[in-house]
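K.L.:
Okay, handing you the structure first.
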Amino acid sequence: MNALTLWFHKTGSPPTAYRLAGRIMPWCYGLGLVLGLVALYGGLVLAPRDYQQGDAYRIIFIHVPCAWMGLFAYFFMAANAFIALVWRIKLSEVLAMAAAPVGAAFTFITLVTGSLWGKPMWGTWWTWDARLTSELVLLFLYLGVIGLHAAIEDRRQAARAAGFLALIGVVNIPIVHFSVNWWNTLHQGSTVRLMGPSKIDGSMIWPLLLMALATHVWFFGSVLARTRIGLLELDGGKDWVRAIALGETEARA
Amino acid sequence: MNDFLAMGGYGAYVWGSYAVFFVVLAIEALAPRATRRRVLTELRGRLRRREQRNEPSA
Amino acid sequence: MKPGSTLAACAALVRRDLTLVWRRRGDAANPILFALIVVALFPLALGPEPEQLRRIAAGVVFVAILLAGLLALDTLFRSDYEDGSLEQLVLSPHPLSLLLACKIAVHWLTTALPLIVVSPLLGELLHLAAPLRGLLPLALLLATPLLSLLGAVCVALTVGMHRSGMLLALLVLPLYVPVLIFGAGACNAAQAGLPFAAPLLWLGAALVLVLVLAPLACAAALRISLS
């Protein structure tokens, strides 16, 4: 076994991963909070008013990063599910299932804020256009994964089944988007592009990107927090978990 | 300040969105803490039961 | 004992499943009855105006048949799981995906095909437009195997659960969305006088793809949930 695989197995072992996650997690939460607050100040105070949409456009400073996070979390989950199913790595199973509720939360925020933005802009809370519908289907996919994971008693089997469902969903998302696109859409086109010039002013773009960064960091913090719990559940009978369980009683007593 | 809160007439929508954002993320951040406590309590109970089974006369 | 050929195993499985359905042939009428009830509820809720009903007829029939199929999905593996023959199937030396494909085919024949047969009747109840009388069964013929195959993968994931009804619906729904859109969309396009070949071709292409992949996915899912 060479040094890299040895390192990999060492950090992948539940006790090490638990400790490591515990050390990184507060930094993620803290950094996410600080970056998020700076981004909010930029978005709510510094960014100028949009000449077309007035101040209502300020919703996109949370709406768009959350929409990105909803997708990012799904791919993070699916990638981990793939690793878990192919190489049977316990840590990946736990990571994949830890990402599901966080992604669902971000998708939910996207739907609600989109609705709140749509009311003054389009005059309706909800329209059946491609992006809204795909986002709703994405939420259903998340709920399906979470539901399946919760419904199976055996933790490892639950993670594998739910991971498999997540992988099916990865194939499904583009198909759903394509099929729903079939109806004509009244959603405005994409205004931020990674490649080429974006159609949005610099004073508006930096809070948006900063908020995206903040939500990413926050996401990892939350995933790590859930991973720690997942590892405790998975290794319930092991000595290291026992030490943690009993150690906490002593600390509180 | 009032101007800032009114958001050009869109105050309810803008602040509503931000409220949803913060509330959902706050719940999302607090949920693991509650789960963790529940899991550890369950674990402690299981450990205690096992110890009692091992030394029933003590 | 030397196992027989794969073909013989498939034939035996098909014969067995068909016999089982025949012995309980009363149950086979349930999906039809369900679809009929759903369709009958719409005029009661929306009012009896033929024009209004005609506009939504194709979509309602599609949804009714989709729901009836969803209800019938549960029976795909249930009895086999309860009497242990599903585990025998997994342990058999023949490729599991092929055996499952046979099971799904029989399930489609006994639950979805009768629904397609009665679909003109369901359409007539809602005053389905004349040009759609042939198209609706055709679209269903392409769509229902897709629904059965995709549904089978999800059923395989929930096999062994006691109360899987709502969860199964949640798992299946995202997969059914594109099928419904293209199937009902073709009918709506035809009704509006637009070309409708493209969505049907998409359905056909998807069917070919899913016909190959779904049994493999179903086998993998079953292995996970029976492990």
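Every chain in the structure tokens has a letter given in the order shown (A, B, ...), and although residue numbers restart at 1 in each chain, ligands are simply numbered from 1 in the order shown.
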Kindly determine which residues of chain B lie within 7 Å of chain A, considering only C-alpha atoms, and give the answer as a VMD selection string.

P.N.:
chain B and resid 7 to 8 10 13 to 14 17 20 to 21 24 28 to 29 32 36 39 to 40 43 to 44

K.L.:
Show me which bits of chain A are within 6 Å of chain C, counting only C-alpha atoms, as a PyMOL selection string.

P.N.:
chain A and resi 137+144+176+179

K.L.:
Keeping only C-alpha atoms, take the residues you just selected and write them out as a PDB file, in the first residue's frame.

P.N.:
ATOM      1  CA  VAL A 137     -38.814  18.069  -9.273  1.00  0.00           C
ATOM      2  CA  GLY A 144     -37.376  10.837  -2.104  1.00  0.00           C
ATOM      3  CA  VAL A 176     -36.842  16.699 -16.799  1.00  0.00           C
ATOM      4  CA  SER A 179     -38.880  18.012 -21.318  1.00  0.00           C
TER       5      SER A 179
END

K.L.:
Could you work out how far CA of Pro215 in chain C lies from CA of Leu89 in chain C, giving the answer in Å with one decimal?

P.N.:
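Computing the Euclidean distance for CA of Leu89 in chain C and CA of Pro215 in chain C yields 13.6 Å.
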
K.L.:
Show me, as a ChimeraX atom specification, the residues that have an atom within 10 Å of Val210 in chain C when counting only C-alpha atoms, minus same-chain residues fewer than 5 positions from it.

P.N.:
/C:145-147,149-150,204-205,215-217

K.L.:
If you count only C-alpha atoms, which residues fall within 10 Å of Pro93 in chain C, apart from same-chain ones fewer than 6 positions away, as a list in words?

P.N.:
Pro3, Gly4, Ser5, Thr6 and Ala9 of chain C

K.L.:
Might you pull out every residue within 8 Å of range 11-15 of chain C, with only C-alpha atoms counted and same-chain residues fewer than 5 positions away left off, and present them as a PDB file with C-alpha atoms, in the first residue's frame?

P.N.:
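Generated output (around39.pdb):
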ATOM      1  CA  LEU C  99     -35.610 -12.519 -15.341  1.00  0.00           C
ATOM      2  CA  CYS C 102     -39.750 -10.971 -17.962  1.00  0.00           C
ATOM      3  CA  LYS C 103     -41.532 -10.155 -14.722  1.00  0.00           C
ATOM      4  CA  VAL C 106     -45.868  -9.832 -17.631  1.00  0.00           C
TER       5      VAL C 106
END

K.L.:
Please identify which residues in range 12-233 of chain A DSSP calls alpha helix (DSSP H) from the backbone, and express them as a ChimeraX atom specification.

P.N.:
/A:12,14-41,60-87,90-122,130-151,155-181,202-233

K.L.:
Record the distance separating CA of His127 in chain C and CA of Arg54 in chain C, expressed in Å with one decimal.

P.N.:
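CA of Arg54 in chain C lies 5.2 Å from CA of His127 in chain C.
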
K.L.:
Give me the residues near range 73-87 of chain A as number ranges by chain, where near means some atom within 6 Å (using only C-alpha atoms) and where sequence neighbours in that chain fewer than 5 positions away do not count.

P.N.:
A: 92-93, 96, 99, 103, 163, 166-167

K.L.:
Can I get the selection written as a short mmCIF file (atom, residue, chain, number, x, y, z; two decimals), in the first residue's frame, with C-alpha atoms?

P.N.:
data_model
loop_
_atom_site.label_atom_id
_atom_site.label_comp_id
_atom_site.auth_asym_id
_atom_site.auth_seq_id
_atom_site.Cartn_x
_atom_site.Cartn_y
_atom_site.Cartn_z
CA SER A 92 -18.84 8.38 1.21
CA GLU A 93 -22.14 6.78 2.14
CA ALA A 96 -23.86 11.50 0.49
CA ALA A 99 -25.75 16.33 1.84
CA GLY A 103 -29.52 20.43 -0.47
CA GLY A 163 -27.55 6.60 -3.02
CA ALA A 166 -29.69 9.75 -6.13
CA LEU A 167 -27.75 8.37 -9.10
#

K.L.:
Which of these residues is nearest to Val212 in chain C, using only C-alpha atoms: C:Leu100, C:Val118, C:Leu135, C:Ala190?

P.N.:
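Distance minimum relative to Val212 in chain C lands on C:Leu100.
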
K.L.:
Could you name the residues that touch Leu136 in chain C at 10 Å or less, counting only C-alpha atoms, but leaving out those on the same chain fewer than 6 positions away, as a list of chain:residue names?

P.N.:
C:Ala58, C:Gly59, C:Val61, C:Phe62, C:Ile116, C:Ser119, C:Pro120, C:Gly123, C:Leu128, C:Gly183, C:Ala184, C:Ala186, C:Cys187, C:Asn188, C:Ala190

K.L.:
I'd like the interatomic distance between CA of Leu125 in chain C and CA of Val38 in chain C, to a tenth of an Å.

P.N.:
11.4 Å
